[in-house]
Amino acid sequence: MPLLVQAVRLSRSPPQIFDFCAYVLKHNLCDFVVRLTITKSAFHSESERNLFTAFRPPFDPDRSASFANALIPVLGKAKNLAHLAFDECIDLLLKCGPAVAEAICQRPPSISLELWGAEGHTLKRFESISGLTHVRLQTFPVHKYFGEAEEAAEAILKNSCKTLKTVSVGHAVPLSLRLDGPPAFSCSGVRHFSMHGSSVQIERVALMFPNLQSLECVRSLAFVIYKDSKYAIEAPPLLFYDCPPRNLWPLLRSFSGPKPLALNLSRNHSLRRLNFINHYAYSEASQFDELSETLANSDIRSISFDLDLWPASTPRLSEEDDAIREGYPTLLDSCFSSLSAFAKNLAYLSIQLAKSPNEIPASLKHLIRTAPMLASMQHLKYVELGVMTWFGPTPFYAFATYEVHTKPEEIVRAWAQAVPSLEYLELYVVFEGWEHTWWRIDANDRTFWSISREEGLDVKHRYDMEAWREE
């Protein structure tokens with residue numbers, strides 16, 4: 001029976017929350033709850049989660065209070081709770097149940113706390129929490145300034161500065177990173193730090209987090225602003241100051257962020273993993289000279305790209321254009337040339353293509369055509385090929401007037417035969433009739449077969465997140 005409540009995710013409906021709380025209290029099972037995740041969907045019935053209310057569901061103060069009253073005794077008795085996550089629901093929960101925050105601060109989870117989608121005033125209720133190991137804070141940027149959120153992030157991190165190992169703050173950047181002078185504290189034990197795009201000096205990040213192995217400067221989300229008597233969406237640019245020409249992090253091995261900053265870091269750090277958050281737009285192939293220099297400076301084991309094979313200023317391709325373009329060089333040619341020349345020890349490769357469904361047929365053909373360019377890469381074990389993945393998991397085909405004739409097996413076969421070292425291929429094409437699949441390739445006869453999502457994700461994590469670490 002204890003195994004049933006060891007890892008719990010509440011996401012179905014309000015009765016699920018009440019039933020879970022009543023069950024663990026009645027049977028004295030709170031001590032066995034190790035991982036608890038609560039999502040926004042758990043607070044609303046299926047009828048409320050429709051097209052009109054899913055983004056901004058109605059707020060019921062009585063229901064919020066009843067949720068809080070049910071959870072508080074469970075949180076108070078869950079002395080072995082290690083992981084606690086609230087996904088877009090902590091604001092709703094605290095509107096009429098502020099004691100939930102008090103209960104969490106008094107008995108914080110021993111390993112990780114996630115407050116995803118929390119507003120600044122909500123985060124301030126957690127300023128007294130301490131002893132955290134892994135923390136993830138994320139405010140949705142509905143306004144352009146995050147004073148409360150940044151003050152709260154400052155307090156939360158400062159209280160746990162001696163115990164923290166990983167920190168993800170989203171837009172809630174600790175206030176000390178924006179002020180003049182040295183940061184008010186240092187988190188010397190933190191090995192991974194992630195923040196959304198903002199004008200923060202990288203050197204200041206190094207002062208607060210001096211021993212990073214992994215740094216993420218994630219793409220900033222759009223802001224909702226009020227301008228000229230109306231609301232508008234503003235997407236701020238990626239603003240990261242150039243890092244100084246010296247080694248800021250002796251242990252830094254992984255970087256996810258904008259290409260120029262990756263190049264600067266590579267000149268003075270021994271990077272092994274790169275994930276570029278801004279895509280390579282269609283242009284002259286000379287832009288890959290910068291990539292070649294970055295790779296030449298490093299011993300890259302894992303790399304992720306987003307490429308645009310066609311100019312955005314021209315009409316998207318028709319099916320007839322696909323045949324014309326099939327043999328034409330694309331950014332894939334320049335990209336793969338750089339990889340084969342300067343990334344000899346690469347073990348993991350992720351390529352994302354296509355911003356329009358009309359580009360899918362030609363993108364698939366180019367993926368087949370260019371696979372032999374990586375034949376010389378003796379250590380490449382895992383390749384992820386994504387097409388139209390920016391749109392999300394829902395296939396986009398409502399306006400498509402064409403067919404995709406390429407089959408998944410054709411792509412897997414082409415890569416299995418072209419790259420002798422390849423052991424796994426992940427194929428994610430967001431289009432009707434295509435599933436997100438993982439394939440295992442035999443080392444001898446190059447036959448292949450599909451594997452489970454669980455096995456695929458496990459192997460993906462190994463090559464993307466582990467292969468670059470120090471031995």
# chains A, B, ... in the order shown; residues from 1 in each chain; ligands from 1

$ residues_around --residues "A:Thr139" --least-positions-apart "6" --cutoff "7 Å" --atoms "only C-alpha atoms" --output "PyMOL selection string"
chain A and resi 116-119+170-172

$ residues_around --residues "stretch 150-158 of chain A" --least-positions-apart "5" --cutoff "12 Å" --atoms "only C-alpha atoms" --output "ChimeraX atom specification"
/A:105,108,113,115,118-139,145,163-179,183-190,193,195,208-209

$ atom_distance --atom1 "atom CA of A:Asn247" --atom2 "atom CA of A:Glu203"
10.1 Å

$ residues_around --residues "A:Leu380" --least-positions-apart "4" --cutoff "12 Å" --atoms "only C-alpha atoms" --output "ChimeraX atom specification"
/A:300-303,339-340,343-350,374-376,384,415-416,418-425,463-464,467

$ write_last_selection --atoms "N, CA and C atoms" --output "mmCIF file, in the first residue's frame"
data_model
loop_
_atom_site.group_PDB
_atom_site.id
_atom_site.type_symbol
_atom_site.label_atom_id
_atom_site.label_comp_id
_atom_site.auth_asym_id
_atom_site.auth_seq_id
_atom_site.Cartn_x
_atom_site.Cartn_y
_atom_site.Cartn_z
ATOM 1 N N ILE A 300 33.287 19.080 -27.934
ATOM 2 C CA ILE A 300 31.837 18.965 -27.800
ATOM 3 C C ILE A 300 31.391 17.510 -27.918
ATOM 4 N N ARG A 301 30.578 17.083 -26.931
ATOM 5 C CA ARG A 301 30.014 15.731 -26.946
ATOM 6 C C ARG A 301 28.512 15.751 -27.252
ATOM 7 N N SER A 302 27.848 16.888 -26.993
ATOM 8 C CA SER A 302 26.404 17.004 -27.207
ATOM 9 C C SER A 302 26.100 18.384 -27.764
ATOM 10 N N ILE A 303 25.269 18.430 -28.827
ATOM 11 C CA ILE A 303 24.949 19.720 -29.437
ATOM 12 C C ILE A 303 23.527 19.698 -29.995
ATOM 13 N N LEU A 339 30.338 20.091 -38.260
ATOM 14 C CA LEU A 339 30.344 19.039 -37.245
ATOM 15 C C LEU A 339 31.364 17.960 -37.575
ATOM 16 N N SER A 340 31.368 17.494 -38.823
ATOM 17 C CA SER A 340 32.283 16.401 -39.182
ATOM 18 C C SER A 340 33.738 16.840 -39.105
ATOM 19 N N ALA A 343 33.888 18.442 -34.650
ATOM 20 C CA ALA A 343 33.250 17.813 -33.482
ATOM 21 C C ALA A 343 33.454 16.305 -33.546
ATOM 22 N N LYS A 344 34.689 15.892 -33.578
ATOM 23 C CA LYS A 344 35.033 14.486 -33.793
ATOM 24 C C LYS A 344 34.500 13.571 -32.691
ATOM 25 N N ASN A 345 34.344 14.087 -31.469
ATOM 26 C CA ASN A 345 33.914 13.244 -30.347
ATOM 27 C C ASN A 345 32.430 13.396 -30.028
ATOM 28 N N LEU A 346 31.670 13.963 -30.945
ATOM 29 C CA LEU A 346 30.243 14.182 -30.711
ATOM 30 C C LEU A 346 29.516 12.856 -30.508
ATOM 31 N N ALA A 347 28.722 12.767 -29.424
ATOM 32 C CA ALA A 347 27.941 11.562 -29.140
ATOM 33 C C ALA A 347 26.448 11.798 -29.304
ATOM 34 N N TYR A 348 26.003 13.057 -29.136
ATOM 35 C CA TYR A 348 24.566 13.382 -29.185
ATOM 36 C C TYR A 348 24.356 14.567 -30.113
ATOM 37 N N LEU A 349 23.375 14.438 -31.018
ATOM 38 C CA LEU A 349 23.046 15.509 -31.964
ATOM 39 C C LEU A 349 21.534 15.671 -32.035
ATOM 40 N N SER A 350 21.069 16.922 -31.882
ATOM 41 C CA SER A 350 19.645 17.229 -32.031
ATOM 42 C C SER A 350 19.490 18.309 -33.089
ATOM 43 N N LEU A 374 27.801 12.741 -42.230
ATOM 44 C CA LEU A 374 28.279 12.472 -40.875
ATOM 45 C C LEU A 374 28.852 11.064 -40.732
ATOM 46 N N ALA A 375 29.149 10.434 -41.849
ATOM 47 C CA ALA A 375 29.629 9.048 -41.821
ATOM 48 C C ALA A 375 30.949 8.899 -41.078
ATOM 49 N N SER A 376 31.775 9.936 -41.073
ATOM 50 C CA SER A 376 33.098 9.835 -40.454
ATOM 51 C C SER A 376 33.078 10.027 -38.942
ATOM 52 N N GLU A 384 18.631 13.063 -32.659
ATOM 53 C CA GLU A 384 17.217 13.454 -32.611
ATOM 54 C C GLU A 384 16.918 14.320 -33.830
ATOM 55 N N TRP A 415 19.750 6.849 -42.098
ATOM 56 C CA TRP A 415 20.728 7.217 -41.069
ATOM 57 C C TRP A 415 21.462 5.985 -40.528
ATOM 58 N N ALA A 416 20.763 4.872 -40.415
ATOM 59 C CA ALA A 416 21.412 3.646 -39.931
ATOM 60 C C ALA A 416 22.510 3.200 -40.886
ATOM 61 N N ALA A 418 24.036 5.197 -43.180
ATOM 62 C CA ALA A 418 25.010 6.252 -43.480
ATOM 63 C C ALA A 418 25.985 6.497 -42.341
ATOM 64 N N VAL A 419 25.545 6.315 -41.098
ATOM 65 C CA VAL A 419 26.387 6.634 -39.935
ATOM 66 C C VAL A 419 26.656 5.343 -39.168
ATOM 67 N N PRO A 420 27.786 4.695 -39.382
ATOM 68 C CA PRO A 420 28.053 3.376 -38.786
ATOM 69 C C PRO A 420 28.048 3.358 -37.256
ATOM 70 N N SER A 421 28.362 4.476 -36.620
ATOM 71 C CA SER A 421 28.437 4.487 -35.156
ATOM 72 C C SER A 421 27.074 4.680 -34.492
ATOM 73 N N LEU A 422 26.055 5.081 -35.255
ATOM 74 C CA LEU A 422 24.763 5.461 -34.675
ATOM 75 C C LEU A 422 24.057 4.263 -34.050
ATOM 76 N N GLU A 423 23.581 4.435 -32.815
ATOM 77 C CA GLU A 423 22.880 3.370 -32.096
ATOM 78 C C GLU A 423 21.404 3.688 -31.860
ATOM 79 N N TYR A 424 21.052 4.966 -31.766
ATOM 80 C CA TYR A 424 19.673 5.349 -31.474
ATOM 81 C C TYR A 424 19.268 6.536 -32.342
ATOM 82 N N LEU A 425 18.023 6.505 -32.823
ATOM 83 C CA LEU A 425 17.465 7.628 -33.582
ATOM 84 C C LEU A 425 16.103 7.974 -33.004
ATOM 85 N N TYR A 463 23.133 10.283 -23.113
ATOM 86 C CA TYR A 463 24.051 10.864 -24.081
ATOM 87 C C TYR A 463 24.009 12.390 -24.094
ATOM 88 N N ASP A 464 22.855 12.985 -23.807
ATOM 89 C CA ASP A 464 22.754 14.445 -23.826
ATOM 90 C C ASP A 464 23.261 15.066 -22.534
ATOM 91 N N ALA A 467 27.088 12.304 -21.048
ATOM 92 C CA ALA A 467 28.285 12.006 -21.823
ATOM 93 C C ALA A 467 29.332 13.119 -21.724
#

$ residues_around --residues "A:Gln213" --least-positions-apart "3" --cutoff "12 Å" --atoms "only C-alpha atoms" --output "ChimeraX atom specification"
/A:165-166,188-194,206,209-210,216,248-256,269-273,465-466,468-470

$ residues_around --residues "A:Ile38" --least-positions-apart "3" --cutoff "8 Å" --atoms "only C-alpha atoms" --output "ChimeraX atom specification"
/A:9-11,42,85-87,89

$ select_by_dssp --residues "stretch 414-461 of chain A" --states "alpha helix (DSSP H)" --output "short mmCIF file (atom, residue, chain, number, x, y, z; two decimals) with C-alpha atoms, in the first residue's frame"
data_model
loop_
_atom_site.label_atom_id
_atom_site.label_comp_id
_atom_site.auth_asym_id
_atom_site.auth_seq_id
_atom_site.Cartn_x
_atom_site.Cartn_y
_atom_site.Cartn_z
CA ALA A 414 19.08 6.17 -44.33
CA TRP A 415 20.73 7.22 -41.07
CA ALA A 416 21.41 3.65 -39.93
CA GLN A 417 23.25 2.88 -43.17
CA ALA A 418 25.01 6.25 -43.48
CA ARG A 453 9.39 5.99 -24.92
CA GLU A 454 10.79 5.19 -21.48
CA GLU A 455 13.86 3.43 -22.89
CA GLY A 456 14.35 6.16 -25.46
CA LEU A 457 14.23 8.98 -22.91
CA ASP A 458 16.60 7.11 -20.62
CA VAL A 459 19.19 6.73 -23.38
CA LYS A 460 18.64 10.32 -24.52
CA HIS A 461 19.40 11.62 -21.04
#

$ select_by_dssp --residues "stretch 1-33 of chain A" --states "strand (DSSP E)" --output "ChimeraX atom specification"
/A:7-10
